[in-house]
Structure formats: C-alpha cells, structure tokens
Amino acid sequence: MSNTNQLLIEKYIEGKLSAEEQTKFELRLVSDAAFAKEVNEAKDLLIAMHAFGRSELKKELQGIANAAPLPSPVFSVIRDEEAKGSEGQNPRLGRSYWRIVSIAAAIVLICTAGWFFIRKETSPETLFISYFEPYPNVAAPIVRNGAVKKPLEQALLMYEQQNYVAAIDQLLAIAQKKPTEVVSFYLAMSYLSNGNAPEAIKRFEALKNHVSASYQKQALWYLALAFLADKQVDKCKSVLKQLMKEDNFYQKKATKLFKQL
C-alpha cells in the first residue's frame with residue numbers, strides 16, 4: 001500500500017474526507033476491485049492503531065512477532081513499503097504486511113471497546129438514536145377504552161401508536177382549519193419521528209420564536225435533534241448552546257450532547 005493510499009484510507013475511516021473526496025473515493029471503490037480489497041484489508045490495521053495507540057499496537061505485534069516468523073520490528077516493514085511506493089517490488093513485504101493486518105484484525109475483535117466502536121457511538125446518526133424519544137402526548141391524553149371523537153384526539157392517538165403518516169395527514173387537515181401551537185408542535189414531532197428531518201427543521205424553526213413558554217424549550221430541544229439527524233452538527237450545537245444558557249429541563253441533556261459532538 002502506498003503512503004498516499006494509506007493516508008487517504010485513514011481519512012476515509014475517520015470521516016475526514018471532503019464531500020468531493022468522499023464521492024471520488026466511493027466511485028473508486030466501485031470501479032477498482034484491487035483498491036476496494038486494499039481498503040477492506042487496511043481498515044483493520046488502521047482501526048487497531050486508533051484503538052490501542054501506535055505504541056501499544058507495536059508492543060502487541062512485537063510480542064506476536066517473537067513467536068511467529070514475522071519481520072522485527074514489524075513496523076519497519078510498513079515504513080519500507082511506504083518507501084517503495086508500490087506493491088510487487090518486495091514479495092516478502094507483501095506477505096508480512098498483510099499478516100500484520102490479520103493480526104491487527106484479531107486484536108480489534110478481542111477489544112470490543114476499540115476506537116471504531118467509540119467513533120460509531122458518537123456519529124450524528126447514533127447520537128440522534130441515543131437521545132431521541134418522541135415527546136409524549138400531553139395535549140389530548142387518550143382515555144383507554146373510551147371513545148375518541150375530537151380530530152386532535154384522533155390525530156394524537158395515531159401519534160401515540162407511532163402511525164406517524166396518519167398523524168401527519170390528520171394534523172395537516174386540522175392545521176388548515178384551526179392552526180394552533182399544539183398542532184404545529186406535534187406535526188413537527190411527527191415529521192421528525194417519521195424520519196423527515198428537513199421538514200421537521202422547517203416547522204420547529206417556525207415554532208421556536210412563536211410559541212408560549214410551555215412549548216418553547218421543547219421546540220428548541222427537538223430542533224437541535226432534527227439538525228443532528230440531518231447531520232447539520234454546527235447548527236445543532238448553536239441550538240444546544242441556547243438550551244445550556246439557563247436552567248431548564250433540557251439543560252443537562254443539551255450539555256452532555258454538546259460535549260459529545
């Protein structure tokens with residue numbers, strides 16, 4: 001593996017490629033089978049380096065090298081390969097390098113708290129799943145075994161049952177006749193719960209400055225989560241800062257989430 005490819009793959013694994021670089025990288029994965037194989041094999045080694053730290057990984061591999069026919073020190077082999085600049089010039093190097101990769105993969109499997117898993121736990125998507133919980137129906141609580149007659153009650157029954165498509169349809173119909181902050185809030189919640197973050201963002205944005213105190217903090221919290229679901233991390237942080245400024249129900253959650261971003 002060339003030094004250029006190694007750095008490129010490391011940036012890819014760490015999510016540091018630009019949008020343009022990401023597109024080119026993924027196109028190359030599809031069109032270049034050899035490169036795709038190189039990426040898959042290199043992932044284990046790079047992940048292990050981050051999970052253990054380079055010095056710790058060298059110690060682990062050195063211990064194995066003492067009991068197996070591997071070059072010593074093993075990372076001198078990697079440096080030699082980078083100096084060569086291409087594969088095929090040193091057959092012993094290729095076999096040794098991928099032997100190291102297989103060892104690194106085994107180390108990663110043993111260490112379930114490795115860097116890769118930590119990184120996944122703090123990705124925007126995973127953080128959203130971790131923090132998101134649909135706001136409860138406190139506007140029109142449903143009486144079990146009772147008749148549901150009012151349109152808002154029917155809509156929020158659908159919301160409680162997680163039938164968000166039906167809830168959206170009914171809430172939109174209500175909003176056309178009698179728009180209220182309750183209807184607007186639960187409509188935004190339904191969009192977010194149904195995975196439509198952009199529409200939820202638009203509606204929470206409209207709500208945040210035009211609702212009473214009873215829904216203002218809720219609108220801000222779920223707006224932050226909507227930005228998170230839409231991978232707009234900077235905007236998510238901006239909203240979280242507003243929640244962190246003063247004492248409220250979401251202050252601690254906002255502070256914790258902010259630190260994880």
# chains A, B, ... in the order shown; residues from 1 in each chain; ligands from 1
>>> residues_around(residues="A:Val182", least_positions_apart="4", cutoff="9 Å", atoms="only C-alpha atoms", output="ChimeraX atom specification")
/A:139,186-187,215
>>> residues_around(residues="A:Ser190", least_positions_apart="4", cutoff="7 Å", atoms="only C-alpha atoms", output="number ranges by chain")
A: 159, 164, 167-168, 186, 194
>>> closest_residue(among="A:Ala188, A:Leu207, A:Ala173, A:Leu243", to="A:Ala224", atoms="only C-alpha atoms")
A:Leu243
>>> residues_around(residues="stretch 121-126 of chain A", least_positions_apart="6", cutoff="8 Å", atoms="only C-alpha atoms", output="list of chain:residue names")
A:Leu228, A:Ala229, A:Lys231, A:Val233, A:Gln260, A:Leu261
>>> write_last_selection(atoms="all heavy atoms", output="mmCIF file, in the first residue's frame")
data_model
loop_
_atom_site.group_PDB
_atom_site.id
_atom_site.type_symbol
_atom_site.label_atom_id
_atom_site.label_comp_id
_atom_site.auth_asym_id
_atom_site.auth_seq_id
_atom_site.Cartn_x
_atom_site.Cartn_y
_atom_site.Cartn_z
ATOM 1 N N LEU A 228 -29.306 17.398 14.158
ATOM 2 C CA LEU A 228 -28.398 16.271 14.340
ATOM 3 C C LEU A 228 -28.744 15.151 13.367
ATOM 4 O O LEU A 228 -27.861 14.573 12.725
ATOM 5 C CB LEU A 228 -28.480 15.770 15.785
ATOM 6 C CG LEU A 228 -27.478 14.692 16.212
ATOM 7 C CD1 LEU A 228 -26.050 15.208 16.097
ATOM 8 C CD2 LEU A 228 -27.772 14.240 17.637
ATOM 9 N N ALA A 229 -30.038 14.838 13.250
ATOM 10 C CA ALA A 229 -30.482 13.793 12.329
ATOM 11 C C ALA A 229 -30.147 14.147 10.890
ATOM 12 O O ALA A 229 -29.885 13.266 10.068
ATOM 13 C CB ALA A 229 -31.984 13.561 12.475
ATOM 14 N N LYS A 231 -27.522 15.792 10.041
ATOM 15 C CA LYS A 231 -26.059 15.923 10.011
ATOM 16 C C LYS A 231 -25.596 17.371 9.919
ATOM 17 O O LYS A 231 -24.508 17.659 9.417
ATOM 18 C CB LYS A 231 -25.468 15.103 8.863
ATOM 19 C CG LYS A 231 -25.740 13.615 8.967
ATOM 20 C CD LYS A 231 -25.108 12.847 7.816
ATOM 21 C CE LYS A 231 -25.431 11.373 7.898
ATOM 22 N NZ LYS A 231 -24.836 10.613 6.767
ATOM 23 N N VAL A 233 -24.298 19.483 12.159
ATOM 24 C CA VAL A 233 -23.765 19.474 13.523
ATOM 25 C C VAL A 233 -23.562 20.881 14.072
ATOM 26 O O VAL A 233 -23.854 21.150 15.244
ATOM 27 C CB VAL A 233 -22.453 18.671 13.574
ATOM 28 C CG1 VAL A 233 -21.835 18.734 14.976
ATOM 29 C CG2 VAL A 233 -22.696 17.224 13.179
ATOM 30 N N GLN A 260 -20.393 15.712 23.370
ATOM 31 C CA GLN A 260 -20.160 14.518 22.542
ATOM 32 C C GLN A 260 -20.008 14.839 21.058
ATOM 33 O O GLN A 260 -19.632 13.986 20.270
ATOM 34 C CB GLN A 260 -21.296 13.521 22.737
ATOM 35 C CG GLN A 260 -21.314 12.880 24.120
ATOM 36 C CD GLN A 260 -22.491 11.922 24.280
ATOM 37 O OE1 GLN A 260 -23.608 12.333 24.551
ATOM 38 N NE2 GLN A 260 -22.225 10.658 24.085
ATOM 39 N N LEU A 261 -20.326 16.087 20.697
ATOM 40 C CA LEU A 261 -20.256 16.468 19.283
ATOM 41 C C LEU A 261 -18.877 16.998 18.904
ATOM 42 O O LEU A 261 -18.151 17.491 19.733
ATOM 43 C CB LEU A 261 -21.323 17.518 18.982
ATOM 44 C CG LEU A 261 -22.757 17.029 19.070
ATOM 45 C CD1 LEU A 261 -23.736 18.183 18.952
ATOM 46 C CD2 LEU A 261 -23.032 16.001 17.958
#
>>> residues_around(residues="stretch 15-30 of chain A", least_positions_apart="2", cutoff="12 Å", atoms="only C-alpha atoms", output="list in words")
Asn5, Leu7, Leu8, Ile9, Glu10, Lys11, Tyr12, Ile13, Asp32, Ala33, Ala34, Phe35, Ala36, Lys37, Glu38, Val39, Asn40, Phe116, Arg119, Lys120, Thr122, Ser123 and Pro124 of chain A
>>> write_last_selection(atoms="N, CA and C atoms", output="mmCIF file, in the first residue's frame")
data_model
loop_
_atom_site.group_PDB
_atom_site.id
_atom_site.type_symbol
_atom_site.label_atom_id
_atom_site.label_comp_id
_atom_site.auth_asym_id
_atom_site.auth_seq_id
_atom_site.Cartn_x
_atom_site.Cartn_y
_atom_site.Cartn_z
ATOM 1 N N ASN A 5 -2.186 6.184 -0.499
ATOM 2 C CA ASN A 5 -3.399 5.397 -0.267
ATOM 3 C C ASN A 5 -3.657 5.194 1.218
ATOM 4 N N LEU A 7 -2.882 7.177 3.740
ATOM 5 C CA LEU A 7 -3.420 8.407 4.323
ATOM 6 C C LEU A 7 -4.850 8.646 3.872
ATOM 7 N N LEU A 8 -5.113 8.337 2.608
ATOM 8 C CA LEU A 8 -6.463 8.521 2.068
ATOM 9 C C LEU A 8 -7.455 7.609 2.770
ATOM 10 N N ILE A 9 -7.080 6.350 2.954
ATOM 11 C CA ILE A 9 -7.969 5.384 3.604
ATOM 12 C C ILE A 9 -8.186 5.755 5.068
ATOM 13 N N GLU A 10 -7.136 6.234 5.721
ATOM 14 C CA GLU A 10 -7.266 6.641 7.124
ATOM 15 C C GLU A 10 -8.248 7.805 7.253
ATOM 16 N N LYS A 11 -8.150 8.761 6.352
ATOM 17 C CA LYS A 11 -9.086 9.890 6.362
ATOM 18 C C LYS A 11 -10.517 9.409 6.109
ATOM 19 N N TYR A 12 -10.651 8.428 5.227
ATOM 20 C CA TYR A 12 -11.972 7.871 4.919
ATOM 21 C C TYR A 12 -12.583 7.206 6.154
ATOM 22 N N ILE A 13 -11.803 6.405 6.837
ATOM 23 C CA ILE A 13 -12.298 5.701 8.025
ATOM 24 C C ILE A 13 -12.671 6.688 9.125
ATOM 25 N N ASP A 32 -12.647 0.021 -8.901
ATOM 26 C CA ASP A 32 -11.303 -0.546 -8.744
ATOM 27 C C ASP A 32 -11.338 -1.647 -7.682
ATOM 28 N N ALA A 33 -11.447 -2.898 -8.124
ATOM 29 C CA ALA A 33 -11.573 -4.022 -7.192
ATOM 30 C C ALA A 33 -10.332 -4.176 -6.322
ATOM 31 N N ALA A 34 -9.176 -3.934 -6.893
ATOM 32 C CA ALA A 34 -7.935 -4.062 -6.130
ATOM 33 C C ALA A 34 -7.875 -3.022 -5.011
ATOM 34 N N PHE A 35 -8.305 -1.809 -5.335
ATOM 35 C CA PHE A 35 -8.328 -0.752 -4.321
ATOM 36 C C PHE A 35 -9.337 -1.074 -3.226
ATOM 37 N N ALA A 36 -10.499 -1.595 -3.614
ATOM 38 C CA ALA A 36 -11.528 -1.960 -2.636
ATOM 39 C C ALA A 36 -11.004 -3.025 -1.676
ATOM 40 N N LYS A 37 -10.261 -3.991 -2.222
ATOM 41 C CA LYS A 37 -9.676 -5.038 -1.371
ATOM 42 C C LYS A 37 -8.649 -4.430 -0.426
ATOM 43 N N GLU A 38 -7.857 -3.519 -0.962
ATOM 44 C CA GLU A 38 -6.839 -2.833 -0.164
ATOM 45 C C GLU A 38 -7.478 -2.066 0.988
ATOM 46 N N VAL A 39 -8.596 -1.395 0.689
ATOM 47 C CA VAL A 39 -9.302 -0.628 1.713
ATOM 48 C C VAL A 39 -9.815 -1.553 2.812
ATOM 49 N N ASN A 40 -10.476 -2.639 2.422
ATOM 50 C CA ASN A 40 -11.050 -3.565 3.403
ATOM 51 C C ASN A 40 -9.981 -4.175 4.296
ATOM 52 N N PHE A 116 -13.018 2.119 16.704
ATOM 53 C CA PHE A 116 -14.085 2.080 15.697
ATOM 54 C C PHE A 116 -15.450 2.123 16.356
ATOM 55 N N ARG A 119 -16.106 5.543 17.899
ATOM 56 C CA ARG A 119 -16.453 6.522 16.876
ATOM 57 C C ARG A 119 -17.901 6.341 16.425
ATOM 58 N N LYS A 120 -18.330 5.090 16.255
ATOM 59 C CA LYS A 120 -19.696 4.846 15.823
ATOM 60 C C LYS A 120 -20.693 5.359 16.854
ATOM 61 N N THR A 122 -20.448 7.923 18.595
ATOM 62 C CA THR A 122 -20.537 9.378 18.619
ATOM 63 C C THR A 122 -20.824 9.966 17.240
ATOM 64 N N SER A 123 -21.214 9.163 16.290
ATOM 65 C CA SER A 123 -21.615 9.696 14.993
ATOM 66 C C SER A 123 -22.957 10.395 15.150
ATOM 67 N N PRO A 124 -23.276 11.382 14.290
ATOM 68 C CA PRO A 124 -24.556 12.087 14.413
ATOM 69 C C PRO A 124 -25.756 11.160 14.408
#
>>> atom_distance(atom1="atom CA of A:Ala197", atom2="atom CA of A:Leu225")
8.8 Å
>>> residues_around(residues="A:Pro134", least_positions_apart="3", cutoff="10 Å", atoms="only C-alpha atoms", output="MDAnalysis selection string")
chainID A and resid 131 137 159:160 162 186 189:190 192:193 222
>>> write_last_selection(atoms="N, CA, C and O atoms", output="short mmCIF file (atom, residue, chain, number, x, y, z; two decimals), in the first residue's frame")
data_model
loop_
_atom_site.label_atom_id
_atom_site.label_comp_id
_atom_site.auth_asym_id
_atom_site.auth_seq_id
_atom_site.Cartn_x
_atom_site.Cartn_y
_atom_site.Cartn_z
N TYR A 131 -30.42 9.83 21.81
CA TYR A 131 -31.08 10.91 22.54
C TYR A 131 -32.56 11.08 22.18
O TYR A 131 -33.33 11.61 22.98
N ASN A 137 -47.70 12.53 24.42
CA ASN A 137 -48.96 13.23 24.16
C ASN A 137 -49.52 13.76 25.48
O ASN A 137 -50.12 13.02 26.25
N TYR A 159 -50.46 9.29 16.65
CA TYR A 159 -49.11 9.65 17.07
C TYR A 159 -48.62 8.70 18.17
O TYR A 159 -47.49 8.20 18.11
N GLU A 160 -49.46 8.44 19.14
CA GLU A 160 -49.10 7.54 20.23
C GLU A 160 -48.83 6.13 19.72
O GLU A 160 -47.97 5.42 20.23
N GLN A 162 -47.56 5.41 17.00
CA GLN A 162 -46.41 5.52 16.09
C GLN A 162 -46.81 5.36 14.63
O GLN A 162 -45.99 5.00 13.78
N TYR A 186 -46.88 19.10 17.43
CA TYR A 186 -46.99 17.66 17.22
C TYR A 186 -46.86 17.29 15.74
O TYR A 186 -46.46 16.16 15.41
N MET A 189 -43.16 17.16 15.41
CA MET A 189 -42.72 15.94 16.07
C MET A 189 -42.99 14.72 15.22
O MET A 189 -42.18 13.79 15.15
N SER A 190 -44.13 14.70 14.55
CA SER A 190 -44.49 13.55 13.71
C SER A 190 -43.54 13.43 12.53
O SER A 190 -43.13 12.32 12.17
N LEU A 192 -40.41 14.49 12.43
CA LEU A 192 -39.12 14.05 12.94
C LEU A 192 -39.15 12.57 13.31
O LEU A 192 -38.22 11.82 12.99
N SER A 193 -40.23 12.14 13.95
CA SER A 193 -40.36 10.74 14.34
C SER A 193 -40.45 9.82 13.13
O SER A 193 -40.07 8.64 13.20
N TYR A 222 -35.92 19.65 20.30
CA TYR A 222 -36.17 18.78 19.15
C TYR A 222 -35.66 19.40 17.84
O TYR A 222 -35.36 18.68 16.90
#
>>> residues_around(residues="A:Glu246", least_positions_apart="6", cutoff="12 Å", atoms="only C-alpha atoms", output="PyMOL selection string")
chain A and resi 217+240+252+254-255
>>> write_last_selection(atoms="N, CA, C and O atoms", output="compact mmCIF listing (two decimals), in the first residue's frame")
# COMPACT_ATOMS: atom_id res chain seq x y z
N LYS A 217 -38.99 25.48 25.02
CA LYS A 217 -37.80 24.68 25.25
C LYS A 217 -37.89 23.34 24.52
O LYS A 217 -36.89 22.83 24.00
N LEU A 240 -28.17 23.97 20.88
CA LEU A 240 -27.86 23.42 22.20
C LEU A 240 -27.31 24.49 23.13
O LEU A 240 -27.61 24.50 24.33
N LYS A 252 -29.23 19.81 31.10
CA LYS A 252 -28.22 18.78 31.31
C LYS A 252 -28.05 17.90 30.07
O LYS A 252 -26.93 17.56 29.69
N ALA A 254 -28.67 18.78 27.01
CA ALA A 254 -28.04 19.60 25.98
C ALA A 254 -26.54 19.71 26.22
O ALA A 254 -25.74 19.63 25.28
N THR A 255 -26.15 19.88 27.48
CA THR A 255 -24.73 20.00 27.82
C THR A 255 -23.98 18.70 27.51
O THR A 255 -22.89 18.71 26.93
>>> closest_residue(among="A:Lys150, A:Pro179, A:Glu199, A:Trp221", to="A:Lys253", atoms="only C-alpha atoms")
A:Trp221
